[in-house]
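Quick notes on the structure that follows.
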Amino acid sequence: MAESSPTILEVDDLRRHYGGVRAVDGASFTVQRGSITSLIGPNGAGKTTAFNLLTGFARPDTGRVVFEGSDVAGHRSDRVARRGMVRTFQLTRVLGKMRVIENVMLAAQQQPGERFVTAFLPTRWRSREEEIRHEAAAVLEQVGLSEKAEDYAATLSGGQRKLLELARALMARPRLLMLDEPMAGVNPTLGREILASLDRLRHETGLTVMFIEHDMDVVMDISDEVIVMGEGRVITQGTPDAVRSDQRVIDAYLSGGSGHE
Amino acid sequence: MDPLLAFGFWAYVLTVAGVYAVFVLGLQVQLGDAGLLNFGHVAFMAVGAYATGLMITNGVPMLIAIPCAVALAALFGVLIGLPTLRLRGDFFAIVTIAAGEILRIIIQNRQDETGGTLGLRRASGSWRETNNTILDWFSGRGIELDRRVPLLVITWVVAVLVALLLRHIGRSPWRRALRAVRENEDAAAAVGKPVFNLKLQALALGAAIAGISGVLFTLLQTSLYPENFEPIVTFIGFSILILGGIGSYFGVVVGSIIIAFIISGVRFLDFPLEADKVAALRYVVVGLLIMGMMAFRPQGIFGKREELHLDG
Ligand SMILES: Nc1ncnc2c1ncn2[C@@H]1O[C@H](COP(=O)(O)OP(=O)(O)OP(=O)(O)O)[C@@H](O)[C@H]1O
Ligand SMILES: [Mg+2]
């Protein structure tokens with residue numbers, strides 16, 4: 001029912017202000033199942049705040065966030081993630097004193113050993129733990145971090161941390177993967193390889209990807225849909241070609257914010 | 001008799017060390033694993049101790065009173081955690097120290113039930129008789145034990161069992177999730193880990209372990225006084241944790257023994273000081289030791305140095 005709906009996410013009149021700053025000011029948009037949808041806009045447009053509101057890391061003042069048919073606005077972040085909406089952070093959050101592979105293994109779902117009581121019964125979680133370790137190694141391979149698997153995450157470079165964020169999110173097997181500037185600081189060749197692998201993944205598993213990105217070439221190249229934000233609002237949503245030639249978008253980039261980094 | 005040669009005295013010191021070891025293992029779960037800065041840990045020990053004492057003095061059999069007391073300590077952990085664990089770490093620390101003091105003052109003021117400052121007498125009930133039975137059993141077999149030995153052994157068996165149990169779950173996915181919460185709550189939540197529940201579980205588990213130390217303390221002291229549960233106990237616990245090394249269960253054991261010997265041993269140093277000043281001196285020694293530790297071996301005796309310099 002909800003599963004088969006072509007819309008995986010529907011956002012309606014989302015608002016959040018911080019003091020006098022209207023970070024998100026009545027944003028509405030939709031994300032199609034199985035699509036790669038990018039969210040663009042000048043610096044300070046409210047993109048990251050929108051991600052925070054969608055994934056439970058900030059509470060909307062008002063508005064609806066309908067994910068897979070149910071409103072998750074204001075739900076706790078960990079519950080939203082377990083429902084299948086998993087995000088990464090623009091400012092990476094790695095678990096520095098844990099090994100890279102542990103960072104990824106953490107994200108696995110359906111590990112009974114994560115419950116307090118079951119933790120005492122290794123027979124109940126050992127075999128799943130082995131699966132998880134293999135899966136995590138494969139995900140690290142995919143993002144090019146295999147060699148770092150046994151290093152402490154705190155020793156990673158900025159770009160490697162971005163890759164680790166991505167690996168962790170992928171490991172959670174999301175239905176909607178939300179990436180906040182995943183390519184910032186990542187070697188462009190590797191970045192494109194990873195985007196290509198995400199593209200493959202969505203054909204194989206039906207994954208939906210929504211990502212924030214400033215590199216217009218990447219955005220126009222890979223996206224099915226583009227959502228443009230400016231000053232907390234959605235200026236327009238459409239195909240890359242439609243958006244590219246939209247005068248309002250050009251105006252937003254020329255007037256608002258500080259444009260490209 | 002020369003106290004340095006009195007076996008019974010050192011057996012007592014080692015028992016105190018064991019009680020502290022259990023107490024600090026609880027702290028290790030909370031701080032070392034979950035990153036919870038609990039400055040009111042002594043409150044959980046107080047709950048374990050007074051719950052045991054009050055039940056026993058009201059006729060509840062010891063073997064029922066003890067598990068109930070431990071469960072009550074865990075429950076008290078949940079009660080403290082529910083309203084505070086969503087606060088930022090430093091606020092949580094302040095609330096815990098306040099909660100501990102409030103509990104102690106309540107114990108002090110409910111004189112009719114707890115004996116207040118006059119103490120809760122015979123809180124360990126029939127333990128003395130049980131102890132004598134054990135001693136008789138051994139002397140019947142030609143072994144004369146000091147009367148302090150049985151509790152010494154029991155305390156350290158419990159301490160080792162608790163440490164082994166913690167090590168048993170040390171490699172579990174549950175503890176990995178807990179460490180993730182310690183490292184970065186947002187990262188843990190973003191992949192679906194129930195941050196609040198995990199913190200509550202760690203707090204309650206640490207509280208239950210502190211409750212066990214309260215039970216042992218009751219058996220050791222036989223009478224309970226509110227002043228046994230002043231904040232200094234928590235801070236001695238932290239000293240042990242820093243000395244042994246945050247993250248190391250074995251470090252807790254060694255740290256407890258060292259600190260217990262310093263605190264009890266300083267009185268034998270021949271200083272031209274009055275008794276109460278010598279008593280204060282032991283905290284000076286502990287303080288200097290911790291300062292020296294911070295300067296030269298900040299990871300503690302058994303902590304991992306490589307983890308110390310890793311941030312974010
Ligand atoms: N927690 C907060 N407290 C106060 N102001 C905030 C907070 N979060 C966001 N803002 C403000 O909201 C506005 C939008 O910020 P946001 O981070 O969403 O922008 P963005 O579109 O992600 O920009 P960038 O491309 O630079 O990452 C900014 O003016 C910012 O200062
Ligand atoms: Mg941003």
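Every chain in the structure tokens takes a letter, A first, then B, and so on in the order presented; its residues are numbered from 1, and the ligands are numbered from 1 following the presented order.
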
Quick one: residues within 9 Å of Ile262 of chain B, only C-alpha atoms, excluding same-chain residues fewer than 3 positions away - as a list in words? Ile257, Ile258, Ile259, Gly265, Val266, Arg267, Arg282, Tyr283, Val285 and Val286 of chain B

Can I get the selection written as a PDB file, in the first residue's frame, with all heavy atoms?
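Output file result38.pdb follows:
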```
ATOM      1  N   ILE B 257      43.021  -1.200  45.302  1.00  0.00           N
ATOM      2  CA  ILE B 257      43.940  -1.681  46.334  1.00  0.00           C
ATOM      3  C   ILE B 257      44.922  -0.566  46.707  1.00  0.00           C
ATOM      4  O   ILE B 257      45.143  -0.288  47.893  1.00  0.00           O
ATOM      5  CB  ILE B 257      44.686  -2.948  45.844  1.00  0.00           C
ATOM      6  CG1 ILE B 257      43.678  -4.092  45.664  1.00  0.00           C
ATOM      7  CG2 ILE B 257      45.780  -3.349  46.837  1.00  0.00           C
ATOM      8  CD1 ILE B 257      44.251  -5.342  45.044  1.00  0.00           C
ATOM      9  N   ILE B 258      45.467   0.113  45.706  1.00  0.00           N
ATOM     10  CA  ILE B 258      46.438   1.178  45.985  1.00  0.00           C
ATOM     11  C   ILE B 258      45.794   2.278  46.825  1.00  0.00           C
ATOM     12  O   ILE B 258      46.324   2.698  47.860  1.00  0.00           O
ATOM     13  CB  ILE B 258      46.990   1.761  44.662  1.00  0.00           C
ATOM     14  CG1 ILE B 258      47.810   0.703  43.928  1.00  0.00           C
ATOM     15  CG2 ILE B 258      47.862   2.997  44.949  1.00  0.00           C
ATOM     16  CD1 ILE B 258      48.272   1.142  42.547  1.00  0.00           C
ATOM     17  N   ILE B 259      44.620   2.735  46.388  1.00  0.00           N
ATOM     18  CA  ILE B 259      43.983   3.853  47.092  1.00  0.00           C
ATOM     19  C   ILE B 259      43.576   3.436  48.505  1.00  0.00           C
ATOM     20  O   ILE B 259      43.757   4.179  49.462  1.00  0.00           O
ATOM     21  CB  ILE B 259      42.761   4.371  46.303  1.00  0.00           C
ATOM     22  CG1 ILE B 259      43.215   4.961  44.967  1.00  0.00           C
ATOM     23  CG2 ILE B 259      41.979   5.393  47.112  1.00  0.00           C
ATOM     24  CD1 ILE B 259      43.776   6.361  45.016  1.00  0.00           C
ATOM     25  N   GLY B 265      46.714   3.537  55.191  1.00  0.00           N
ATOM     26  CA  GLY B 265      48.092   3.393  55.613  1.00  0.00           C
ATOM     27  C   GLY B 265      48.726   4.680  56.111  1.00  0.00           C
ATOM     28  O   GLY B 265      49.646   4.646  56.930  1.00  0.00           O
ATOM     29  N   VAL B 266      48.206   5.813  55.643  1.00  0.00           N
ATOM     30  CA  VAL B 266      48.829   7.087  55.994  1.00  0.00           C
ATOM     31  C   VAL B 266      48.867   7.289  57.504  1.00  0.00           C
ATOM     32  O   VAL B 266      49.790   7.894  58.036  1.00  0.00           O
ATOM     33  CB  VAL B 266      48.078   8.243  55.304  1.00  0.00           C
ATOM     34  CG1 VAL B 266      48.456   9.587  55.914  1.00  0.00           C
ATOM     35  CG2 VAL B 266      48.384   8.254  53.825  1.00  0.00           C
ATOM     36  N   ARG B 267      47.896   6.706  58.209  1.00  0.00           N
ATOM     37  CA  ARG B 267      47.837   6.922  59.652  1.00  0.00           C
ATOM     38  C   ARG B 267      49.054   6.330  60.376  1.00  0.00           C
ATOM     39  O   ARG B 267      49.314   6.665  61.513  1.00  0.00           O
ATOM     40  CB  ARG B 267      46.547   6.364  60.225  1.00  0.00           C
ATOM     41  CG  ARG B 267      46.488   4.862  60.249  1.00  0.00           C
ATOM     42  CD  ARG B 267      45.163   4.373  60.766  1.00  0.00           C
ATOM     43  NE  ARG B 267      44.078   4.687  59.818  1.00  0.00           N
ATOM     44  CZ  ARG B 267      42.854   4.206  59.954  1.00  0.00           C
ATOM     45  NH1 ARG B 267      42.536   3.479  60.990  1.00  0.00           N
ATOM     46  NH2 ARG B 267      41.933   4.479  59.057  1.00  0.00           N
ATOM     47  N   ARG B 282      45.701  12.137  54.241  1.00  0.00           N
ATOM     48  CA  ARG B 282      45.578  11.047  53.265  1.00  0.00           C
ATOM     49  C   ARG B 282      44.942  11.529  51.969  1.00  0.00           C
ATOM     50  O   ARG B 282      45.291  11.051  50.895  1.00  0.00           O
ATOM     51  CB  ARG B 282      44.783   9.883  53.854  1.00  0.00           C
ATOM     52  CG  ARG B 282      43.446  10.273  54.391  1.00  0.00           C
ATOM     53  CD  ARG B 282      42.942   9.200  55.312  1.00  0.00           C
ATOM     54  NE  ARG B 282      41.681   9.598  55.895  1.00  0.00           N
ATOM     55  CZ  ARG B 282      40.840   8.768  56.488  1.00  0.00           C
ATOM     56  NH1 ARG B 282      41.141   7.499  56.591  1.00  0.00           N
ATOM     57  NH2 ARG B 282      39.724   9.200  57.002  1.00  0.00           N
ATOM     58  N   TYR B 283      44.027  12.502  52.105  1.00  0.00           N
ATOM     59  CA  TYR B 283      43.427  13.006  50.861  1.00  0.00           C
ATOM     60  C   TYR B 283      44.429  13.845  50.097  1.00  0.00           C
ATOM     61  O   TYR B 283      44.394  13.909  48.864  1.00  0.00           O
ATOM     62  CB  TYR B 283      42.160  13.800  51.171  1.00  0.00           C
ATOM     63  CG  TYR B 283      41.103  12.903  51.774  1.00  0.00           C
ATOM     64  CD1 TYR B 283      40.571  13.162  53.028  1.00  0.00           C
ATOM     65  CD2 TYR B 283      40.669  11.777  51.084  1.00  0.00           C
ATOM     66  CE1 TYR B 283      39.621  12.319  53.584  1.00  0.00           C
ATOM     67  CE2 TYR B 283      39.729  10.930  51.628  1.00  0.00           C
ATOM     68  CZ  TYR B 283      39.203  11.200  52.883  1.00  0.00           C
ATOM     69  OH  TYR B 283      38.284  10.363  53.430  1.00  0.00           O
ATOM     70  N   VAL B 285      47.572  13.114  49.992  1.00  0.00           N
ATOM     71  CA  VAL B 285      48.399  12.120  49.297  1.00  0.00           C
ATOM     72  C   VAL B 285      47.682  11.618  48.039  1.00  0.00           C
ATOM     73  O   VAL B 285      48.267  11.555  46.958  1.00  0.00           O
ATOM     74  CB  VAL B 285      48.739  10.937  50.233  1.00  0.00           C
ATOM     75  CG1 VAL B 285      49.476   9.848  49.467  1.00  0.00           C
ATOM     76  CG2 VAL B 285      49.576  11.430  51.399  1.00  0.00           C
ATOM     77  N   VAL B 286      46.379  11.309  48.177  1.00  0.00           N
ATOM     78  CA  VAL B 286      45.621  10.843  47.011  1.00  0.00           C
ATOM     79  C   VAL B 286      45.631  11.915  45.932  1.00  0.00           C
ATOM     80  O   VAL B 286      45.877  11.640  44.753  1.00  0.00           O
ATOM     81  CB  VAL B 286      44.162  10.496  47.403  1.00  0.00           C
ATOM     82  CG1 VAL B 286      43.334  10.212  46.156  1.00  0.00           C
ATOM     83  CG2 VAL B 286      44.143   9.293  48.329  1.00  0.00           C
TER      84      VAL B 286
END
```

Give the helix (DSSP H, G or I) residues of segment 83-124 of chain B, as DSSP finds them on the backbone, and put them as a VMD selection string. chain B and resid 83 to 84 89 to 109 111 to 114 116 to 118

If the limit is 9 Å from any atom of ligand 1, counting only C-alpha atoms and all ligand atoms, which residues qualify? Return them as a PyMOL selection string. chain A and resi 16-24+40-52+58+90+180-181+212-214+229-232+257-261

Writing out the chosen residues with N, CA and C atoms as an mmCIF file, in the first residue's frame:
```cif
data_model
loop_
_atom_site.group_PDB
_atom_site.id
_atom_site.type_symbol
_atom_site.label_atom_id
_atom_site.label_comp_id
_atom_site.auth_asym_id
_atom_site.auth_seq_id
_atom_site.Cartn_x
_atom_site.Cartn_y
_atom_site.Cartn_z
ATOM 1 N N ARG A 16 11.002 26.149 10.582
ATOM 2 C CA ARG A 16 11.782 26.162 11.813
ATOM 3 C C ARG A 16 12.563 27.476 11.860
ATOM 4 N N HIS A 17 12.382 28.184 12.976
ATOM 5 C CA HIS A 17 13.178 29.408 13.119
ATOM 6 C C HIS A 17 14.093 29.296 14.320
ATOM 7 N N TYR A 18 15.220 29.987 14.232
ATOM 8 C CA TYR A 18 16.146 30.090 15.358
ATOM 9 C C TYR A 18 16.229 31.568 15.702
ATOM 10 N N GLY A 19 15.597 31.960 16.805
ATOM 11 C CA GLY A 19 15.527 33.385 17.117
ATOM 12 C C GLY A 19 14.867 34.098 15.948
ATOM 13 N N GLY A 20 15.528 35.075 15.389
ATOM 14 C CA GLY A 20 14.947 35.787 14.260
ATOM 15 C C GLY A 20 15.245 35.145 12.917
ATOM 16 N N VAL A 21 16.085 34.122 12.906
ATOM 17 C CA VAL A 21 16.475 33.510 11.629
ATOM 18 C C VAL A 21 15.461 32.452 11.230
ATOM 19 N N ARG A 22 14.832 32.650 10.082
ATOM 20 C CA ARG A 22 13.911 31.619 9.594
ATOM 21 C C ARG A 22 14.699 30.647 8.745
ATOM 22 N N ALA A 23 15.282 29.682 9.401
ATOM 23 C CA ALA A 23 16.199 28.762 8.720
ATOM 24 C C ALA A 23 15.466 27.968 7.647
ATOM 25 N N VAL A 24 14.296 27.438 8.013
ATOM 26 C CA VAL A 24 13.425 26.788 7.029
ATOM 27 C C VAL A 24 12.068 27.452 7.173
ATOM 28 N N ILE A 40 19.752 21.646 -3.674
ATOM 29 C CA ILE A 40 20.789 22.656 -3.853
ATOM 30 C C ILE A 40 20.291 24.007 -3.358
ATOM 31 N N GLY A 41 21.205 24.945 -3.297
ATOM 32 C CA GLY A 41 20.858 26.287 -2.848
ATOM 33 C C GLY A 41 22.102 26.956 -2.302
ATOM 34 N N PRO A 42 22.079 28.282 -2.226
ATOM 35 C CA PRO A 42 23.248 29.011 -1.730
ATOM 36 C C PRO A 42 23.548 28.652 -0.270
ATOM 37 N N ASN A 43 24.717 29.029 0.212
ATOM 38 C CA ASN A 43 25.058 28.817 1.620
ATOM 39 C C ASN A 43 24.021 29.492 2.496
ATOM 40 N N GLY A 44 23.586 28.786 3.527
ATOM 41 C CA GLY A 44 22.614 29.366 4.448
ATOM 42 C C GLY A 44 21.183 29.282 3.962
ATOM 43 N N ALA A 45 20.953 28.552 2.867
ATOM 44 C CA ALA A 45 19.603 28.469 2.309
ATOM 45 C C ALA A 45 18.667 27.646 3.194
ATOM 46 N N GLY A 46 19.242 26.826 4.075
ATOM 47 C CA GLY A 46 18.402 25.999 4.946
ATOM 48 C C GLY A 46 18.416 24.523 4.594
ATOM 49 N N LYS A 47 19.359 24.116 3.770
ATOM 50 C CA LYS A 47 19.403 22.720 3.321
ATOM 51 C C LYS A 47 19.695 21.770 4.484
ATOM 52 N N THR A 48 20.774 22.086 5.233
ATOM 53 C CA THR A 48 21.127 21.207 6.349
ATOM 54 C C THR A 48 20.032 21.217 7.411
ATOM 55 N N THR A 49 19.468 22.396 7.648
ATOM 56 C CA THR A 49 18.377 22.469 8.617
ATOM 57 C C THR A 49 17.204 21.596 8.159
ATOM 58 N N ALA A 50 16.919 21.633 6.868
ATOM 59 C CA ALA A 50 15.834 20.786 6.351
ATOM 60 C C ALA A 50 16.141 19.315 6.637
ATOM 61 N N PHE A 51 17.375 18.899 6.395
ATOM 62 C CA PHE A 51 17.770 17.517 6.702
ATOM 63 C C PHE A 51 17.558 17.218 8.195
ATOM 64 N N ASN A 52 17.980 18.174 9.033
ATOM 65 C CA ASN A 52 17.813 17.975 10.478
ATOM 66 C C ASN A 52 16.350 17.790 10.840
ATOM 67 N N ALA A 58 16.305 17.962 14.558
ATOM 68 C CA ALA A 58 15.749 19.232 15.044
ATOM 69 C C ALA A 58 14.244 19.102 14.918
ATOM 70 N N GLN A 90 27.035 16.957 7.322
ATOM 71 C CA GLN A 90 27.942 17.832 6.589
ATOM 72 C C GLN A 90 29.254 17.954 7.361
ATOM 73 N N ASP A 180 24.535 14.715 3.209
ATOM 74 C CA ASP A 180 24.770 16.157 3.274
ATOM 75 C C ASP A 180 26.184 16.467 2.776
ATOM 76 N N GLU A 181 26.276 16.924 1.548
ATOM 77 C CA GLU A 181 27.556 17.234 0.896
ATOM 78 C C GLU A 181 28.558 16.093 1.026
ATOM 79 N N ILE A 212 22.626 16.684 -0.745
ATOM 80 C CA ILE A 212 22.925 18.105 -0.833
ATOM 81 C C ILE A 212 24.292 18.229 -1.479
ATOM 82 N N GLU A 213 24.410 19.103 -2.474
ATOM 83 C CA GLU A 213 25.689 19.202 -3.179
ATOM 84 C C GLU A 213 25.827 20.591 -3.805
ATOM 85 N N HIS A 214 27.037 21.113 -3.775
ATOM 86 C CA HIS A 214 27.283 22.420 -4.385
ATOM 87 C C HIS A 214 27.854 22.316 -5.795
ATOM 88 N N MET A 229 16.604 25.346 -2.968
ATOM 89 C CA MET A 229 16.172 26.127 -1.812
ATOM 90 C C MET A 229 16.856 27.476 -1.811
ATOM 91 N N GLY A 230 16.152 28.456 -1.273
ATOM 92 C CA GLY A 230 16.726 29.778 -1.076
ATOM 93 C C GLY A 230 16.008 30.439 0.076
ATOM 94 N N GLU A 231 16.744 30.958 1.024
ATOM 95 C CA GLU A 231 16.170 31.641 2.181
ATOM 96 C C GLU A 231 15.063 30.837 2.855
ATOM 97 N N GLY A 232 15.320 29.561 3.039
ATOM 98 C CA GLY A 232 14.393 28.736 3.804
ATOM 99 C C GLY A 232 13.232 28.175 3.024
ATOM 100 N N GLY A 257 22.764 34.465 -0.342
ATOM 101 C CA GLY A 257 23.885 33.649 0.117
ATOM 102 C C GLY A 257 25.197 34.008 -0.533
ATOM 103 N N SER A 258 26.161 33.154 -0.372
ATOM 104 C CA SER A 258 27.481 33.454 -0.915
ATOM 105 C C SER A 258 27.831 32.505 -2.050
ATOM 106 N N GLY A 259 26.803 31.818 -2.587
ATOM 107 C CA GLY A 259 26.996 30.979 -3.753
ATOM 108 C C GLY A 259 27.954 29.831 -3.543
ATOM 109 N N HIS A 260 28.740 29.546 -4.540
ATOM 110 C CA HIS A 260 29.671 28.411 -4.467
ATOM 111 C C HIS A 260 30.701 28.591 -3.383
ATOM 112 N N GLU A 261 31.192 27.463 -2.883
ATOM 113 C CA GLU A 261 32.270 27.529 -1.878
ATOM 114 C C GLU A 261 33.593 27.711 -2.573
#
```

Counting only C-alpha atoms, what is within 6 Å of Trp174 of chain B, bar same-chain residues fewer than 4 positions away, as a CSV table (one decimal) with N, CA, C and O atoms, in the first residue's frame?
```csv
chain,number,residue,atom,x,y,z
A,113,GLY,N,22.1,-8.8,19.6
A,113,GLY,CA,23.1,-8.6,20.7
A,113,GLY,C,23.2,-7.1,21.1
A,113,GLY,O,23.9,-6.8,22.0
A,114,GLU,N,22.5,-6.2,20.4
A,114,GLU,CA,22.4,-4.9,20.9
A,114,GLU,C,21.5,-4.6,22.0
A,114,GLU,O,21.5,-3.6,22.6
A,115,ARG,N,20.6,-5.6,22.3
A,115,ARG,CA,19.7,-5.5,23.4
A,115,ARG,C,20.5,-5.9,24.7
A,115,ARG,O,21.3,-6.9,24.6
A,119,ALA,N,22.8,-9.4,25.1
A,119,ALA,CA,24.3,-9.2,25.1
A,119,ALA,C,25.0,-10.2,25.9
A,119,ALA,O,26.1,-10.6,25.6
```

Please build the interface table for chain B against chain A with a cut-off of 12 Å, listing for each qualifying residue the nearest atom pair and the distance in Å to one decimal; count only C-alpha atoms, order rows by chain and increasing number, and write it as JSON lines.
```
{"residue": "B:Gly32", "atom": "CA", "partner": "A:Lys97", "partner_atom": "CA", "distance": 11.9}
{"residue": "B:Asp33", "atom": "CA", "partner": "A:Lys97", "partner_atom": "CA", "distance": 11.4}
{"residue": "B:Arg86", "atom": "CA", "partner": "A:Arg76", "partner_atom": "CA", "distance": 12.0}
{"residue": "B:Leu164", "atom": "CA", "partner": "A:Phe120", "partner_atom": "CA", "distance": 11.5}
{"residue": "B:Leu165", "atom": "CA", "partner": "A:Phe120", "partner_atom": "CA", "distance": 8.3}
{"residue": "B:Leu166", "atom": "CA", "partner": "A:Phe120", "partner_atom": "CA", "distance": 9.2}
{"residue": "B:Arg167", "atom": "CA", "partner": "A:Phe120", "partner_atom": "CA", "distance": 10.2}
{"residue": "B:His168", "atom": "CA", "partner": "A:Phe120", "partner_atom": "CA", "distance": 7.0}
{"residue": "B:Ile169", "atom": "CA", "partner": "A:Phe120", "partner_atom": "CA", "distance": 5.7}
{"residue": "B:Gly170", "atom": "CA", "partner": "A:Ala119", "partner_atom": "CA", "distance": 9.0}
{"residue": "B:Arg171", "atom": "CA", "partner": "A:Ala119", "partner_atom": "CA", "distance": 8.8}
{"residue": "B:Ser172", "atom": "CA", "partner": "A:Ala119", "partner_atom": "CA", "distance": 5.6}
{"residue": "B:Pro173", "atom": "CA", "partner": "A:Glu114", "partner_atom": "CA", "distance": 4.8}
{"residue": "B:Trp174", "atom": "CA", "partner": "A:Glu114", "partner_atom": "CA", "distance": 3.9}
{"residue": "B:Arg175", "atom": "CA", "partner": "A:Glu114", "partner_atom": "CA", "distance": 7.6}
{"residue": "B:Arg176", "atom": "CA", "partner": "A:Leu106", "partner_atom": "CA", "distance": 6.8}
{"residue": "B:Ala177", "atom": "CA", "partner": "A:Leu106", "partner_atom": "CA", "distance": 6.5}
{"residue": "B:Leu178", "atom": "CA", "partner": "A:Glu114", "partner_atom": "CA", "distance": 9.1}
{"residue": "B:Arg179", "atom": "CA", "partner": "A:Met98", "partner_atom": "CA", "distance": 8.0}
{"residue": "B:Ala180", "atom": "CA", "partner": "A:Leu95", "partner_atom": "CA", "distance": 6.2}
{"residue": "B:Val181", "atom": "CA", "partner": "A:Leu95", "partner_atom": "CA", "distance": 8.8}
{"residue": "B:Arg182", "atom": "CA", "partner": "A:Leu95", "partner_atom": "CA", "distance": 8.7}
{"residue": "B:Glu183", "atom": "CA", "partner": "A:Leu95", "partner_atom": "CA", "distance": 5.2}
{"residue": "B:Asn184", "atom": "CA", "partner": "A:Leu95", "partner_atom": "CA", "distance": 6.2}
{"residue": "B:Glu185", "atom": "CA", "partner": "A:Arg93", "partner_atom": "CA", "distance": 9.1}
{"residue": "B:Asp186", "atom": "CA", "partner": "A:Arg93", "partner_atom": "CA", "distance": 7.4}
{"residue": "B:Ala187", "atom": "CA", "partner": "A:Arg93", "partner_atom": "CA", "distance": 5.8}
{"residue": "B:Ala188", "atom": "CA", "partner": "A:Asp78", "partner_atom": "CA", "distance": 7.8}
{"residue": "B:Ala189", "atom": "CA", "partner": "A:Asp78", "partner_atom": "CA", "distance": 4.4}
{"residue": "B:Ala190", "atom": "CA", "partner": "A:Ala81", "partner_atom": "CA", "distance": 5.9}
{"residue": "B:Val191", "atom": "CA", "partner": "A:Ala107", "partner_atom": "CA", "distance": 5.2}
{"residue": "B:Gly192", "atom": "CA", "partner": "A:Asp78", "partner_atom": "CA", "distance": 4.1}
{"residue": "B:Lys193", "atom": "CA", "partner": "A:Asp78", "partner_atom": "CA", "distance": 5.7}
{"residue": "B:Pro194", "atom": "CA", "partner": "A:Asp78", "partner_atom": "CA", "distance": 5.7}
{"residue": "B:Val195", "atom": "CA", "partner": "A:Asp78", "partner_atom": "CA", "distance": 7.4}
{"residue": "B:Phe196", "atom": "CA", "partner": "A:Asp78", "partner_atom": "CA", "distance": 9.5}
{"residue": "B:Asn197", "atom": "CA", "partner": "A:Phe116", "partner_atom": "CA", "distance": 9.8}
{"residue": "B:Leu198", "atom": "CA", "partner": "A:Phe116", "partner_atom": "CA", "distance": 8.3}
{"residue": "B:Lys199", "atom": "CA", "partner": "A:Phe116", "partner_atom": "CA", "distance": 11.1}
{"residue": "B:Leu200", "atom": "CA", "partner": "A:Phe116", "partner_atom": "CA", "distance": 10.8}
{"residue": "B:Gln201", "atom": "CA", "partner": "A:Phe116", "partner_atom": "CA", "distance": 7.4}
{"residue": "B:Ala202", "atom": "CA", "partner": "A:Phe116", "partner_atom": "CA", "distance": 9.1}
{"residue": "B:Ala204", "atom": "CA", "partner": "A:Phe116", "partner_atom": "CA", "distance": 11.2}
{"residue": "B:Leu205", "atom": "CA", "partner": "A:Phe116", "partner_atom": "CA", "distance": 9.7}
{"residue": "B:Gly247", "atom": "CA", "partner": "A:Lys97", "partner_atom": "CA", "distance": 11.5}
{"residue": "B:Lys304", "atom": "CA", "partner": "A:Lys97", "partner_atom": "CA", "distance": 10.5}
{"residue": "B:Arg305", "atom": "CA", "partner": "A:Lys97", "partner_atom": "CA", "distance": 11.3}
{"residue": "B:Glu306", "atom": "CA", "partner": "A:Lys97", "partner_atom": "CA", "distance": 9.0}
{"residue": "B:Glu307", "atom": "CA", "partner": "A:Lys97", "partner_atom": "CA", "distance": 6.0}
{"residue": "B:Leu308", "atom": "CA", "partner": "A:Lys97", "partner_atom": "CA", "distance": 8.5}
{"residue": "B:His309", "atom": "CA", "partner": "A:Ala154", "partner_atom": "CA", "distance": 9.1}
{"residue": "B:Leu310", "atom": "CA", "partner": "A:Ala154", "partner_atom": "CA", "distance": 5.6}
{"residue": "B:Asp311", "atom": "CA", "partner": "A:Gly96", "partner_atom": "CA", "distance": 5.9}
{"residue": "B:Gly312", "atom": "CA", "partner": "A:Gly96", "partner_atom": "CA", "distance": 5.0}
```

With 8 Å as the cut-off and only C-alpha atoms counted, what is the closest atom pair between each nearby residue of segment 107-178 of chain B and segment 55-74 of chain B? Distances in Å to one decimal, ordered by chain and number, as CSV.
```
residue,atom,partner,partner_atom,distance
B:Arg122,CA,B:Thr57,CA,7.0
B:Ala123,CA,B:Thr57,CA,6.1
B:Ser124,CA,B:Ile56,CA,6.9
B:Gly125,CA,B:Ile56,CA,5.8
B:Ser126,CA,B:Met62,CA,8.0
```

With only C-alpha atoms as the counted atoms, please give the residues lying no more than 12 Å from Gly303 of chain B, apart from itself and same-chain residues fewer than 3 positions off, as JSON, numbers by chain. {"B": [28, 32, 241, 242, 243, 244, 245, 246, 247, 248, 249, 250, 251, 252, 255, 293, 297, 298, 299, 300, 306, 307, 308]}

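Distance annotation: of A:Asp25, A:Leu53, A:Leu14, A:Ile36, the residue with the minimal separation from Glu225 of chain A is A:Ile36; atom set is only C-alpha atoms.
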
At a cut-off of 9 Å, using only C-alpha atoms, what residues contact His41 of chain B? Leave out same-chain residues fewer than 4 positions from it and give the result as a PyMOL selection string. chain B and resi 23-24+26-27+45+96-97+100+206-207+210+231+233-234+237

Exercise: segment 61-64 of chain A partners within 7 Å, only C-alpha atoms, chain neighbours under 5 positions left out, as a ChimeraX atom specification: /A:11-16,71,73

Here is a test: counting only C-alpha atoms and all ligand atoms, which residue of A:Val31, A:Ala184, A:Val66, A:Leu164 is nearest to ligand 2? A:Ala184

Quick one: of A:Gln142, A:Leu179, A:Glu131, A:Arg202, who's nearest to ligand 2, counting only C-alpha atoms and all ligand atoms?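 Looking at the shortest contact to ligand 2, the residue is A:Leu179.
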
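Going from atom CA of Tyr20 of chain B to atom CA of Ala51 of chain B covers 18.6 Å.
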